[in-house]
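Containing compact mmCIF, C-alpha atoms: start04.txt.
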# COMPACT_ATOMS: atom_id res chain seq x y z
CA MET A 24 -1.27 25.08 15.63
CA ASN A 25 -3.41 25.87 12.60
CA MET A 26 -6.64 27.89 12.59
CA THR A 27 -8.98 24.89 12.61
CA ALA A 28 -7.08 23.31 15.48
CA ARG A 29 -7.23 26.50 17.49
CA LEU A 30 -10.94 26.88 16.87
CA LEU A 31 -11.63 23.28 17.88
CA ALA A 32 -9.45 23.59 20.97
CA SER A 33 -11.46 26.58 22.10
CA ILE A 34 -14.66 24.52 21.89
CA GLU A 35 -13.51 21.20 23.29
CA PRO A 36 -10.10 20.50 24.82
CA PRO A 37 -8.38 17.39 23.45
CA PRO A 38 -8.78 14.25 25.60
CA SER A 39 -5.96 13.70 28.05
CA THR A 40 -5.79 9.89 28.14
CA ASP A 41 -4.31 7.80 25.32
CA ALA A 42 -7.58 5.88 24.99
CA GLY A 43 -9.54 9.12 24.80
CA ARG A 44 -7.11 10.49 22.24
CA ALA A 45 -7.37 7.32 20.13
CA ALA A 46 -11.18 7.57 20.22
CA ALA A 47 -10.92 11.20 19.09
CA VAL A 48 -8.71 10.09 16.19
CA TRP A 49 -11.28 7.51 15.08
CA ARG A 50 -14.04 10.15 15.27
CA ALA A 51 -11.93 12.48 13.12
CA LEU A 52 -11.36 9.70 10.59
CA GLU A 53 -15.14 9.28 10.20
CA ASN A 54 -15.07 12.69 8.51
CA VAL A 55 -12.27 11.97 6.04
CA THR A 56 -13.73 10.78 2.74
CA ASP A 57 -12.37 9.12 -0.38
CA PRO A 58 -12.23 11.90 -3.04
CA GLU A 59 -13.22 9.39 -5.75
CA ILE A 60 -16.21 8.10 -3.72
CA PRO A 61 -17.17 11.13 -1.61
CA VAL A 62 -19.96 9.32 0.29
CA LEU A 63 -17.55 6.90 1.96
CA SER A 64 -15.30 7.73 4.90
CA VAL A 65 -11.93 6.06 5.24
CA VAL A 66 -13.44 4.12 8.17
CA ASP A 67 -16.40 2.86 6.05
CA LEU A 68 -13.89 1.90 3.39
CA GLY A 69 -11.87 -0.14 5.90
CA ILE A 70 -8.51 1.31 4.89
CA ILE A 71 -7.45 2.22 8.43
CA GLY A 72 -5.14 -0.58 9.52
CA GLY A 73 -4.58 0.82 13.01
CA VAL A 74 -4.20 3.92 15.18
CA ASN A 75 -1.31 4.29 17.59
CA VAL A 76 -1.33 7.20 20.05
CA THR A 77 1.55 8.16 22.31
CA GLU A 78 2.36 11.29 24.34
CA ALA A 79 2.94 13.72 21.47
CA ARG A 80 2.65 11.56 18.41
CA VAL A 81 -0.02 9.78 16.42
CA THR A 82 0.55 7.11 13.80
CA VAL A 83 -2.29 6.11 11.49
CA GLU A 84 -1.78 3.05 9.33
CA VAL A 85 -3.45 3.07 5.94
CA THR A 86 -3.83 -0.10 3.90
CA PRO A 87 -4.56 0.97 0.29
CA THR A 88 -7.55 -0.30 -1.69
CA PHE A 89 -5.57 -0.38 -4.93
CA VAL A 90 -1.79 0.02 -4.76
CA GLY A 91 -1.85 2.33 -7.80
CA CYS A 92 -4.78 4.39 -6.52
CA PRO A 93 -4.03 8.03 -7.47
CA ALA A 94 -6.27 9.31 -4.64
CA LEU A 95 -4.03 7.79 -1.98
CA ASP A 96 -1.73 10.79 -1.53
CA VAL A 97 -4.72 13.14 -1.10
CA ILE A 98 -6.35 10.75 1.38
CA ARG A 99 -3.15 10.50 3.43
CA GLU A 100 -2.82 14.27 3.57
CA ASN A 101 -6.49 14.72 4.53
CA ILE A 102 -6.08 12.14 7.32
CA ARG A 103 -3.02 13.95 8.64
CA THR A 104 -4.81 17.31 8.70
CA ALA A 105 -8.01 15.96 10.31
CA VAL A 106 -6.16 14.01 13.03
CA ALA A 107 -3.84 16.93 13.83
CA ALA A 108 -6.85 19.24 14.18
CA ALA A 109 -8.71 16.80 16.44
CA LEU A 110 -5.79 16.44 18.87
CA VAL A 111 -4.43 19.97 18.50
CA LEU A 112 -1.14 18.72 17.12
CA ARG A 113 1.05 20.06 14.33
CA ASN A 114 0.65 18.17 11.03
CA ASP A 115 4.21 16.88 11.34
CA GLU A 116 3.33 15.20 14.65
CA VAL A 117 0.97 12.88 12.78
CA THR A 118 2.47 10.05 10.76
CA VAL A 119 0.39 8.35 8.09
CA LYS A 120 2.03 5.10 7.16
CA THR A 121 1.16 2.81 4.23
CA VAL A 122 0.96 -0.85 5.24
CA PHE A 123 0.02 -4.08 3.47
CA ASP A 124 -0.60 -5.98 6.69
CA PRO A 125 -3.51 -6.34 7.05
CA PRO A 126 -3.93 -6.43 3.26
CA TRP A 127 -7.01 -4.50 2.16
CA THR A 128 -9.76 -6.56 0.57
CA SER A 129 -13.24 -5.40 -0.39
CA ASP A 130 -14.57 -7.48 2.54
CA ARG A 131 -13.27 -4.65 4.77
CA ILE A 132 -15.97 -2.22 3.54
CA SER A 133 -18.46 -1.85 6.41
CA GLU A 134 -22.20 -2.59 6.20
CA THR A 135 -22.83 1.17 6.48
CA GLY A 136 -20.36 1.69 3.66
CA ARG A 137 -22.17 -0.83 1.47
CA ARG A 138 -25.51 0.90 2.04
CA LYS A 139 -23.95 4.28 1.21
CA LEU A 140 -22.45 2.86 -2.01
CA THR A 141 -25.82 1.51 -3.17
CA ALA A 142 -27.51 4.85 -2.39
CA PHE A 143 -24.72 6.58 -4.36
CA GLY A 144 -25.58 4.37 -7.38
CA LEU A 145 -22.45 2.23 -7.13
CA ALA A 146 -23.07 -1.49 -6.63
CA PRO A 147 -21.12 -2.69 -3.58
CA PRO A 148 -18.58 -5.51 -4.02
CA GLY A 149 -19.92 -9.02 -3.58
CA GLU A 150 -18.25 -12.11 -2.25
CA ARG A 151 -14.75 -12.88 -3.49
CA HIS A 152 -15.28 -16.27 -5.15
CA ASP A 153 -11.96 -16.15 -6.92
CA PRO A 154 -9.67 -13.79 -4.96
CA TYR A 155 -6.49 -14.41 -6.94
CA GLY A 156 -7.60 -15.46 -10.41
CA ALA A 157 -7.61 -19.25 -10.71
CA ALA A 158 -6.69 -20.86 -14.02
CA THR A 159 -10.26 -21.12 -15.29
CA CYS A 160 -11.60 -17.66 -14.49
CA ALA A 161 -12.16 -16.28 -18.01
CA THR A 162 -15.84 -16.30 -17.00
CA ASN A 163 -15.25 -13.41 -14.54
CA SER A 164 -17.12 -15.13 -11.72
CA ASP A 165 -16.59 -12.18 -9.35
CA LEU A 166 -18.12 -9.77 -11.87
CA ALA A 167 -21.19 -11.87 -12.71
CA LEU A 168 -24.35 -11.77 -10.56
CA VAL A 169 -24.08 -8.09 -9.64
CA LEU A 170 -27.37 -6.55 -8.44
CA CYS A 171 -28.40 -3.24 -10.03
CA PRO A 172 -28.09 -0.43 -7.44
CA HIS A 173 -30.91 1.52 -9.12
CA CYS A 174 -33.71 -1.08 -9.20
CA GLY A 175 -32.25 -4.08 -7.39
CA GLY A 176 -32.65 -6.16 -10.56
CA SER A 177 -30.50 -9.25 -11.09
CA GLN A 178 -30.65 -9.35 -14.91
CA THR A 179 -27.35 -7.56 -15.34
CA ASP A 180 -24.47 -7.95 -17.79
CA LEU A 181 -20.81 -7.06 -17.45
CA GLU A 182 -19.97 -4.32 -19.98
CA SER A 183 -16.37 -3.57 -19.06
CA ILE A 184 -13.96 -4.98 -16.45
CA PHE A 185 -12.41 -1.51 -16.21
CA GLY A 186 -14.17 1.77 -15.48
CA PRO A 187 -13.64 5.42 -14.56
CA THR A 188 -11.49 4.53 -11.52
CA LEU A 189 -9.29 1.49 -10.86
CA CYS A 190 -11.81 0.05 -8.40
CA ARG A 191 -14.85 0.08 -10.70
CA SER A 192 -16.31 -2.10 -13.45
CA ILE A 193 -19.23 -1.15 -15.72
CA HIS A 194 -22.45 -3.15 -16.00
CA TYR A 195 -25.85 -2.89 -17.70
CA CYS A 196 -29.22 -3.69 -16.12
CA ARG A 197 -31.72 -5.39 -18.43
CA ASP A 198 -34.52 -4.74 -15.93
CA CYS A 199 -34.35 -0.94 -15.71
CA LEU A 200 -32.29 -0.52 -18.91
CA GLN A 201 -29.61 1.60 -17.26
CA SER A 202 -25.89 1.16 -17.01
CA PHE A 203 -24.24 1.31 -13.60
CA GLU A 204 -20.85 1.00 -11.97
CA HIS A 205 -19.73 -1.61 -9.47
CA PHE A 206 -16.97 -1.63 -6.86
CA LYS A 207 -14.94 -4.67 -7.91
CA PRO A 208 -14.33 -7.40 -5.33
CA VAL A 209 -10.57 -7.49 -4.68
CA MET B 26 14.43 -19.23 7.22
CA ALA B 27 12.19 -16.17 7.37
CA PHE B 28 12.89 -12.47 6.93
CA ASP B 29 10.35 -10.37 8.80
CA THR B 30 11.80 -7.05 7.67
CA LEU B 31 13.91 -5.73 4.81
CA GLU B 32 16.55 -4.75 7.37
CA SER B 33 17.03 -8.40 8.33
CA LEU B 34 18.43 -9.13 4.84
CA LYS B 35 22.22 -9.27 4.82
CA GLY B 36 25.03 -9.70 2.29
CA ILE B 37 24.28 -11.85 -0.72
CA ASN B 38 20.56 -12.13 0.11
CA ARG B 39 20.21 -8.37 0.26
CA GLU B 40 22.00 -7.92 -3.08
CA ALA B 41 19.83 -10.61 -4.67
CA VAL B 42 16.58 -9.02 -3.43
CA ILE B 43 17.67 -5.62 -4.75
CA ASP B 44 18.37 -7.23 -8.12
CA LEU B 45 14.97 -8.98 -8.15
CA LEU B 46 13.09 -5.82 -7.17
CA TYR B 47 14.75 -3.80 -9.95
CA ARG B 48 13.73 -6.43 -12.51
CA MET B 49 10.12 -6.46 -11.33
CA ALA B 50 9.81 -2.70 -10.85
CA ASP B 51 11.33 -1.86 -14.24
CA ASP B 52 9.11 -4.39 -16.03
CA GLU B 53 6.03 -2.82 -14.41
CA LEU B 54 7.04 0.75 -15.11
CA ILE B 55 7.92 0.16 -18.75
CA ILE B 56 4.93 -2.00 -19.69
CA GLY B 57 2.77 0.55 -17.85
CA HIS B 58 4.25 3.32 -19.97
CA ARG B 59 3.71 1.32 -23.17
CA ASN B 60 0.08 0.68 -22.21
CA SER B 61 -0.46 4.37 -21.56
CA GLU B 62 0.28 4.93 -25.26
CA TRP B 63 -3.22 3.52 -25.92
CA THR B 64 -4.86 6.30 -23.89
CA GLY B 65 -6.99 8.16 -26.42
CA HIS B 66 -6.03 5.67 -29.17
CA GLY B 67 -7.78 2.42 -28.23
CA PRO B 68 -9.70 0.63 -31.00
CA ILE B 69 -12.91 0.94 -28.93
CA LEU B 70 -13.68 3.01 -25.83
CA GLU B 71 -13.68 0.01 -23.45
CA GLU B 72 -10.19 -1.00 -24.57
CA ASP B 73 -8.95 2.56 -24.30
CA ILE B 74 -10.12 2.48 -20.66
CA ALA B 75 -8.80 -1.05 -20.07
CA PHE B 76 -5.26 -0.28 -21.26
CA SER B 77 -5.24 3.07 -19.45
CA SER B 78 -6.37 1.36 -16.22
CA MET B 79 -3.80 -1.40 -16.55
CA ALA B 80 -1.14 1.25 -17.18
CA GLN B 81 -2.15 3.02 -13.97
CA ASP B 82 -2.07 -0.25 -12.03
CA GLU B 83 1.35 -1.29 -13.33
CA MET B 84 2.89 2.12 -12.65
CA GLY B 85 1.44 2.04 -9.13
CA HIS B 86 2.93 -1.41 -8.62
CA ALA B 87 6.28 -0.17 -9.92
CA ARG B 88 6.16 2.64 -7.36
CA ALA B 89 5.49 0.14 -4.55
CA TYR B 90 8.55 -1.90 -5.60
CA TYR B 91 10.68 1.25 -5.90
CA GLU B 92 9.57 2.15 -2.35
CA LEU B 93 10.93 -1.18 -1.12
CA LEU B 94 14.17 -0.47 -2.99
CA HIS B 95 14.33 2.95 -1.36
CA GLN B 96 13.94 1.30 2.05
CA LEU B 97 16.90 -0.88 1.07
CA GLY B 98 19.03 2.22 0.53
CA GLU B 99 18.43 2.93 -3.18
CA ALA B 100 17.37 6.37 -4.46
CA GLU B 101 13.86 7.89 -4.20
CA PRO B 102 11.19 6.25 -6.43
CA ASP B 103 10.94 9.23 -8.81
CA ALA B 104 14.71 9.36 -9.23
CA LEU B 105 14.80 5.61 -9.95
CA ALA B 106 12.13 5.95 -12.62
CA PHE B 107 13.31 9.17 -14.24
CA SER B 108 17.04 9.59 -13.65
CA ARG B 109 18.53 6.26 -14.64
CA LYS B 110 20.17 5.61 -18.00
CA PRO B 111 18.90 2.83 -20.31
CA ARG B 112 21.75 0.46 -19.39
CA GLN B 113 20.79 0.75 -15.70
CA PHE B 114 17.30 -0.62 -16.36
CA ARG B 115 16.75 -4.33 -15.65
CA CYS B 116 13.53 -4.87 -17.59
CA CYS B 117 13.22 -7.60 -20.23
CA SER B 118 12.73 -6.77 -23.90
CA LEU B 119 9.07 -7.90 -23.93
CA VAL B 120 7.94 -4.80 -22.06
CA TYR B 121 9.59 -2.17 -24.24
CA LEU B 122 8.85 -3.46 -27.73
CA PRO B 123 6.82 -0.74 -29.50
CA LYS B 124 3.10 -1.09 -28.90
CA GLY B 125 2.48 -2.33 -32.44
CA ASP B 126 -1.11 -3.06 -33.41
CA TRP B 127 -3.68 -3.68 -30.68
CA ALA B 128 -3.41 -7.46 -31.17
CA PHE B 129 0.27 -7.26 -30.26
CA SER B 130 -0.29 -5.11 -27.17
CA LEU B 131 -3.09 -7.44 -26.06
CA MET B 132 -1.03 -10.60 -26.57
CA ARG B 133 2.00 -9.08 -24.86
CA GLN B 134 -0.15 -8.08 -21.89
CA PHE B 135 -1.69 -11.57 -21.66
CA LEU B 136 1.74 -13.28 -21.71
CA TYR B 137 3.10 -10.75 -19.22
CA ASP B 138 0.12 -11.03 -16.84
CA SER B 139 0.19 -14.81 -16.82
CA ALA B 140 3.92 -14.69 -16.02
CA GLU B 141 3.34 -12.11 -13.32
CA SER B 142 0.60 -14.14 -11.69
CA VAL B 143 2.95 -17.14 -11.44
CA ARG B 144 5.72 -15.01 -9.93
CA LEU B 145 3.44 -13.19 -7.49
CA ALA B 146 1.91 -16.47 -6.31
CA ALA B 147 5.41 -17.77 -5.55
CA LEU B 148 6.51 -14.54 -3.85
CA SER B 149 3.40 -14.40 -1.68
CA ASP B 150 4.40 -17.83 -0.31
CA GLY B 151 8.02 -16.72 0.05
CA SER B 152 10.10 -16.04 3.15
CA LEU B 153 10.53 -12.26 2.77
CA THR B 154 7.48 -10.96 4.65
CA PRO B 155 7.23 -7.36 3.31
CA LEU B 156 7.48 -8.64 -0.28
CA ALA B 157 5.09 -11.55 0.39
CA GLN B 158 2.46 -9.14 1.78
CA LEU B 159 2.78 -6.78 -1.18
CA ALA B 160 2.66 -9.70 -3.64
CA LEU B 161 -0.56 -11.00 -2.07
CA LYS B 162 -2.17 -7.58 -2.43
CA LEU B 163 -1.05 -7.23 -6.04
CA ARG B 164 -2.39 -10.69 -6.96
CA GLY B 165 -5.90 -9.54 -6.05
CA GLU B 166 -5.60 -6.62 -8.47
CA GLU B 167 -3.81 -8.45 -11.26
CA LYS B 168 -6.54 -11.06 -11.57
CA TYR B 169 -8.63 -8.49 -13.45
CA HIS B 170 -5.84 -7.96 -15.98
CA LEU B 171 -5.73 -11.67 -16.54
CA MET B 172 -9.52 -11.94 -16.90
CA HIS B 173 -9.38 -9.18 -19.50
CA GLY B 174 -6.53 -10.82 -21.43
CA ARG B 175 -7.88 -14.36 -21.31
CA GLY B 176 -11.36 -13.32 -22.40
CA LEU B 177 -10.12 -11.42 -25.45
CA VAL B 178 -7.42 -13.90 -26.49
CA LEU B 179 -10.08 -16.65 -26.48
CA ARG B 180 -12.53 -14.58 -28.51
CA LEU B 181 -10.09 -13.14 -31.04
CA GLY B 182 -8.28 -16.43 -31.61
CA SER B 183 -11.42 -17.80 -33.22
CA ALA B 184 -13.39 -14.72 -34.36
CA THR B 185 -12.41 -13.99 -37.97
CA ASP B 186 -9.55 -14.93 -40.30
CA GLU B 187 -8.06 -11.51 -39.75
CA SER B 188 -8.29 -11.64 -35.95
CA ARG B 189 -6.74 -15.13 -35.89
CA ARG B 190 -3.95 -14.08 -38.26
CA ARG B 191 -3.15 -10.99 -36.17
CA MET B 192 -3.23 -12.87 -32.85
CA GLN B 193 -0.98 -15.67 -34.17
CA GLY B 194 1.41 -13.07 -35.59
CA ALA B 195 1.45 -11.29 -32.23
CA LEU B 196 2.17 -14.56 -30.41
CA ASP B 197 5.00 -15.48 -32.81
CA LEU B 198 6.59 -12.07 -32.31
CA ALA B 199 6.09 -11.80 -28.55
CA TYR B 200 6.86 -15.33 -27.38
CA PRO B 201 10.71 -15.31 -27.61
CA HIS B 202 10.70 -11.98 -25.75
CA ALA B 203 8.28 -13.36 -23.13
CA LEU B 204 10.76 -16.18 -22.48
CA GLY B 205 13.24 -13.39 -21.67
CA LEU B 206 11.13 -12.60 -18.59
CA PHE B 207 12.81 -15.64 -17.06
CA GLU B 208 16.45 -14.95 -17.97
CA PRO B 209 18.60 -17.00 -15.54
CA MET B 210 20.38 -14.76 -13.04
CA GLU B 211 23.22 -15.02 -10.55
CA ALA B 212 20.66 -14.01 -7.92
CA ASP B 213 18.61 -17.18 -8.62
CA GLU B 214 20.57 -19.40 -6.21
CA PRO B 215 20.58 -17.13 -3.16
CA LEU B 216 16.91 -16.21 -3.70
CA ALA B 217 15.88 -19.85 -4.03
CA GLN B 218 18.01 -21.05 -1.11
CA ALA B 219 16.63 -18.31 1.13
CA GLY B 220 13.08 -19.29 0.11
CA ILE B 221 12.35 -15.79 -1.23
CA CYS B 222 11.73 -16.58 -4.91
CA PRO B 223 12.02 -19.79 -6.96
CA ARG B 224 14.69 -20.08 -9.69
CA GLU B 225 13.78 -18.38 -13.00
CA GLY B 226 13.82 -21.73 -14.85
CA GLU B 227 11.22 -23.12 -12.47
CA LEU B 228 8.99 -20.05 -12.86
CA ARG B 229 9.32 -20.32 -16.63
CA ALA B 230 8.09 -23.92 -16.59
CA GLN B 231 5.13 -22.96 -14.39
CA TRP B 232 4.30 -20.06 -16.67
CA GLU B 233 4.42 -22.18 -19.83
CA SER B 234 1.89 -24.59 -18.35
CA ALA B 235 -0.26 -21.71 -17.06
CA ALA B 236 -0.48 -19.85 -20.40
CA ALA B 237 -0.75 -22.89 -22.71
CA PRO B 238 -4.42 -23.89 -22.03
CA THR B 239 -5.75 -20.43 -22.99
CA LEU B 240 -3.58 -20.23 -26.11
CA SER B 241 -4.56 -23.69 -27.26
CA ALA B 242 -8.26 -23.13 -26.50
CA ALA B 243 -7.97 -19.99 -28.64
CA GLY B 244 -6.63 -22.14 -31.48
CA LEU B 245 -3.22 -20.45 -31.39
CA ALA B 246 0.06 -22.34 -31.78
CA VAL B 247 2.93 -21.64 -29.39
CA PRO B 248 6.15 -21.29 -31.47
CA ASP B 249 8.32 -24.42 -31.27
CA ASN B 250 11.78 -24.10 -29.73
CA ALA B 251 11.72 -20.32 -29.81
CA PRO B 252 15.12 -18.98 -28.69
CA PRO B 253 14.63 -16.70 -25.64
CA VAL B 254 15.66 -13.07 -26.06
CA HIS B 255 18.02 -12.46 -23.13
CA GLY B 256 20.15 -9.50 -22.04
CA GLY B 257 17.53 -7.15 -20.64
CA ARG B 258 18.14 -8.30 -17.08
CA VAL B 259 21.79 -7.25 -17.30
CA GLY B 260 21.13 -3.93 -19.01
CA ARG B 261 21.66 -4.89 -22.67
CA HIS B 262 18.74 -3.30 -24.47
CA SER B 263 17.68 -2.36 -27.99
CA SER B 264 17.10 1.20 -29.16
CA ALA B 265 13.37 0.73 -28.39
CA LEU B 266 14.07 1.29 -24.67
CA THR B 267 16.36 4.27 -25.32
CA GLU B 268 13.63 5.93 -27.38
CA LEU B 269 10.95 5.13 -24.79
CA LEU B 270 13.02 6.59 -21.94
CA ALA B 271 13.91 9.70 -23.95
CA GLY B 272 10.19 10.49 -24.09
CA MET B 273 9.22 9.30 -20.61
CA GLN B 274 12.05 11.09 -18.80
CA LEU B 275 12.06 14.30 -20.85
CA VAL B 276 9.95 16.55 -18.63
CA TYR B 277 11.44 15.35 -15.32
CA ASN B 278 14.95 16.06 -16.52
CA ILE B 279 14.21 19.65 -17.49
CA ASP B 280 14.23 20.32 -13.75
CA PRO B 281 14.77 17.26 -11.49
CA SER B 282 14.34 19.40 -8.35
CA ALA B 283 10.86 20.64 -9.34
CA ASN B 284 8.10 19.95 -6.81
CA TRP B 285 5.10 18.33 -8.54
Could you take the file, read its structure, and then write that structure out as structure tokens?
Amino acid sequence: MNMTARLLASIEPPPSTDAGRAAAVWRALENVTDPEIPVLSVVDLGIIGGVNVTEARVTVEVTPTFVGCPALDVIRENIRTAVAAALVLRNDEVTVKTVFDPPWTSDRISETGRRKLTAFGLAPPGERHDPYGAATCATNSDLALVLCPHCGGSQTDLESIFGPTLCRSIHYCRDCLQSFEHFKPV
Amino acid sequence: MAFDTLESLKGINREAVIDLLYRMADDELIIGHRNSEWTGHGPILEEDIAFSSMAQDEMGHARAYYELLHQLGEAEPDALAFSRKPRQFRCCSLVYLPKGDWAFSLMRQFLYDSAESVRLAALSDGSLTPLAQLALKLRGEEKYHLMHGRGLVLRLGSATDESRRRMQGALDLAYPHALGLFEPMEADEPLAQAGICPREGELRAQWESAAAPTLSAAGLAVPDNAPPVHGGRVGRHSSALTELLAGMQLVYNIDPSANW
């Protein structure tokens, strides 16, 4: 048992039922954030595929936003530590498994998550008009019509399909004359 | 026939899937490495970022395929990427040609992405569930590569005499190697019969019709009867791959047991 776990255990004993333990896991996950978007928890982001609690073991399924996301290893480790602390388990009693079923899409970001993104200055992903790139999509339909997170303006232009992280594109607002980033619909 | 897990693959099907995964993983890793050579050297900042991002995506996709291979009993992903000799790689020649000028890297990436989108679409409808799920996820990411490539091929094909000349030159050079993406394999029959992946010849035909409209709208001419460059899929490579791997694997091999 690590220090944090011991401290938490002294305040509140871990729930004894599986349902109570699962609820405690979900509460712990609310406090694990994406290091590249620190305002969003992994629950807001919708990357938790499922939580499975048994006697002395917890499995958390993570469905990655982008398969090549370099933050994924850090996120997995942070999930393991937070869940172990919440249930007073050793880190090696928590398994964090990568799954592609359900596949993550940007539709999995919660309403709360979308509001937090806008407040952070990152335009939330819109509808996926063209999820897999149809033959005629040189017009970037999923990257047009992005509202500016600073002023809410709709006179925006795509500047770059790629940005500072794999999940972001760069846009310019002709209303408030500022550039902004956008979480790409995937 | 459906295969819900990798473990349910037996005999010839298992061998064929391992072969297919090596081809796809090695293509992704090597083109990713080539794209990373533009980091800090792109002609404009946006393209520096674009090629760096695509490199990161492709290497991440390679790692996901190597993970599947590892689940099928092959070595750890890092060992697969950094410990194998050139002749053990199953990538096609398109991905390891030197990066050339930016027109060449752009054209190569466009041809590669349009081929990949055809293959991933087929795999995501295929009978091997873990691969179909991964392919569906990757299609959603790859569409942005294709948007990037299509947009620039269309613009540069008709921008200036120099841009048209460079893009046509890039297409003439890359096309025979791109055909090598679809080198016919012994694994074709078992993969097709098991409903996992269509035959390479069929994918090639789909790819040619998928890439042609963009190239022709850009005013570029697809080389007639170009002879495909084969051999990569069976480990026959040029010195370009040997040189690439010598650089890419150098640090890892100083101490393969190091913990990163």
Interatomic distance (Å, one decimal) between atom CA of B:Tyr137 and atom CA of A:Ala94: 26.5 Å
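One finds atom CA of A:Gly144 at 28.8 Å from atom CA of B:Ser61.
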Contact set, chain A to chain B: 7 Å, only C-alpha atoms, as a PDB file with C-alpha atoms, in the coordinates of the input:
ATOM      1  CA  VAL A  90      -1.790   0.020  -4.760  1.00  0.00           C
ATOM      2  CA  GLY A  91      -1.850   2.330  -7.800  1.00  0.00           C
ATOM      3  CA  PHE A 123       0.020  -4.080   3.470  1.00  0.00           C
ATOM      4  CA  ASP A 124      -0.600  -5.980   6.690  1.00  0.00           C
ATOM      5  CA  PRO A 126      -3.930  -6.430   3.260  1.00  0.00           C
ATOM      6  CA  PRO A 154      -9.670 -13.790  -4.960  1.00  0.00           C
ATOM      7  CA  TYR A 155      -6.490 -14.410  -6.940  1.00  0.00           C
ATOM      8  CA  GLY A 156      -7.600 -15.460 -10.410  1.00  0.00           C
ATOM      9  CA  CYS A 160     -11.600 -17.660 -14.490  1.00  0.00           C
ATOM     10  CA  ALA A 161     -12.160 -16.280 -18.010  1.00  0.00           C
ATOM     11  CA  ASN A 163     -15.250 -13.410 -14.540  1.00  0.00           C
ATOM     12  CA  SER A 183     -16.370  -3.570 -19.060  1.00  0.00           C
ATOM     13  CA  ILE A 184     -13.960  -4.980 -16.450  1.00  0.00           C
ATOM     14  CA  PHE A 185     -12.410  -1.510 -16.210  1.00  0.00           C
ATOM     15  CA  GLY A 186     -14.170   1.770 -15.480  1.00  0.00           C
ATOM     16  CA  LEU A 189      -9.290   1.490 -10.860  1.00  0.00           C
ATOM     17  CA  VAL A 209     -10.570  -7.490  -4.680  1.00  0.00           C
TER      18      VAL A 209
END
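Atom CA of B:Asn38 is found 11.1 Å from atom CA of B:Cys222.
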Point (-2.4, 12.3, 20.6), cut-off 7 Å, counting all atoms listed in the file, residues as an MDAnalysis selection string: chainID A and resid 41 44 76:81 110
Convert the current residue selection to file output with C-alpha atoms, as a compact mmCIF listing (two decimals), in the coordinates of the input.
# COMPACT_ATOMS: atom_id res chain seq x y z
CA ASP A 41 -4.31 7.80 25.32
CA ARG A 44 -7.11 10.49 22.24
CA VAL A 76 -1.33 7.20 20.05
CA THR A 77 1.55 8.16 22.31
CA GLU A 78 2.36 11.29 24.34
CA ALA A 79 2.94 13.72 21.47
CA ARG A 80 2.65 11.56 18.41
CA VAL A 81 -0.02 9.78 16.42
CA LEU A 110 -5.79 16.44 18.87
Residues within 7 Å of B:Cys117, only C-alpha atoms, excluding chain neighbours under 6 positions, as a list in words: Asp52, Gly205, Leu206, Gly257 and Arg258 of chain B
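You can rank A:Ala108, A:Cys171, A:Ile71, A:Val85 by their closest distance to A:Ala142 using all atoms listed in the file, and at the top of that list sits A:Cys171.
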7 Å contact set for B:Arg224, only C-alpha atoms, chain neighbours under 5 positions out, as a VMD selection string: chain B and resid 213 to 214 217
Residue among A:Thr118, A:Asp67, A:Glu204, A:Val83 lying closest to A:Thr188, counting only C-alpha atoms: A:Glu204
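For stretch 259-268 of chain B, the residues within 8 Å (counting only C-alpha atoms, excluding itself and residues fewer than 3 positions away along the chain) are Pro111, Arg112, Gln113, Phe114, Arg115, Cys116, Ser118, Tyr121, Leu122, Pro123, Gly256, Ala271 and Gly272 of chain B.
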Pull C-alpha atoms from the residues just selected and write them as a PDB file, in the coordinates of the input.
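For reference, selection_8.pdb as written:
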ATOM      1  CA  PRO B 111      18.900   2.830 -20.310  1.00  0.00           C
ATOM      2  CA  ARG B 112      21.750   0.460 -19.390  1.00  0.00           C
ATOM      3  CA  GLN B 113      20.790   0.750 -15.700  1.00  0.00           C
ATOM      4  CA  PHE B 114      17.300  -0.620 -16.360  1.00  0.00           C
ATOM      5  CA  ARG B 115      16.750  -4.330 -15.650  1.00  0.00           C
ATOM      6  CA  CYS B 116      13.530  -4.870 -17.590  1.00  0.00           C
ATOM      7  CA  SER B 118      12.730  -6.770 -23.900  1.00  0.00           C
ATOM      8  CA  TYR B 121       9.590  -2.170 -24.240  1.00  0.00           C
ATOM      9  CA  LEU B 122       8.850  -3.460 -27.730  1.00  0.00           C
ATOM     10  CA  PRO B 123       6.820  -0.740 -29.500  1.00  0.00           C
ATOM     11  CA  GLY B 256      20.150  -9.500 -22.040  1.00  0.00           C
ATOM     12  CA  ALA B 271      13.910   9.700 -23.950  1.00  0.00           C
ATOM     13  CA  GLY B 272      10.190  10.490 -24.090  1.00  0.00           C
TER      14      GLY B 272
END
Contacts of stretch 106-110 of chain B within 9 Å, all atoms listed in the file, excl. fewer than 6 positions in-chain, as a PyMOL selection string: chain B and resi 51+54+87-88+91+267+270+273-275+277-278+281
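Within 7 Å of A:Leu63, once only C-alpha atoms are used and residues closer than 6 positions along the same chain are dropped, the contacting residues are Thr56, Asp57, Gly136 and Lys139 of chain A.
With distances taken over all atoms listed in the file, B:Gly244 is the one residue among B:Gly244, B:Met49, B:Pro215, B:Asp138 lying closest to B:Asp186.
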Each side padded by 8 Å, which centre and which edge lengths in Å (one decimal) define the axis-aligned box around the listed atoms of stretch 107-116 of chain B? Give them as AutoDock Vina command-line options.
--center_x 17.5 --center_y 2.4 --center_z -17.0 --size_x 24.4 --size_y 30.5 --size_z 22.7
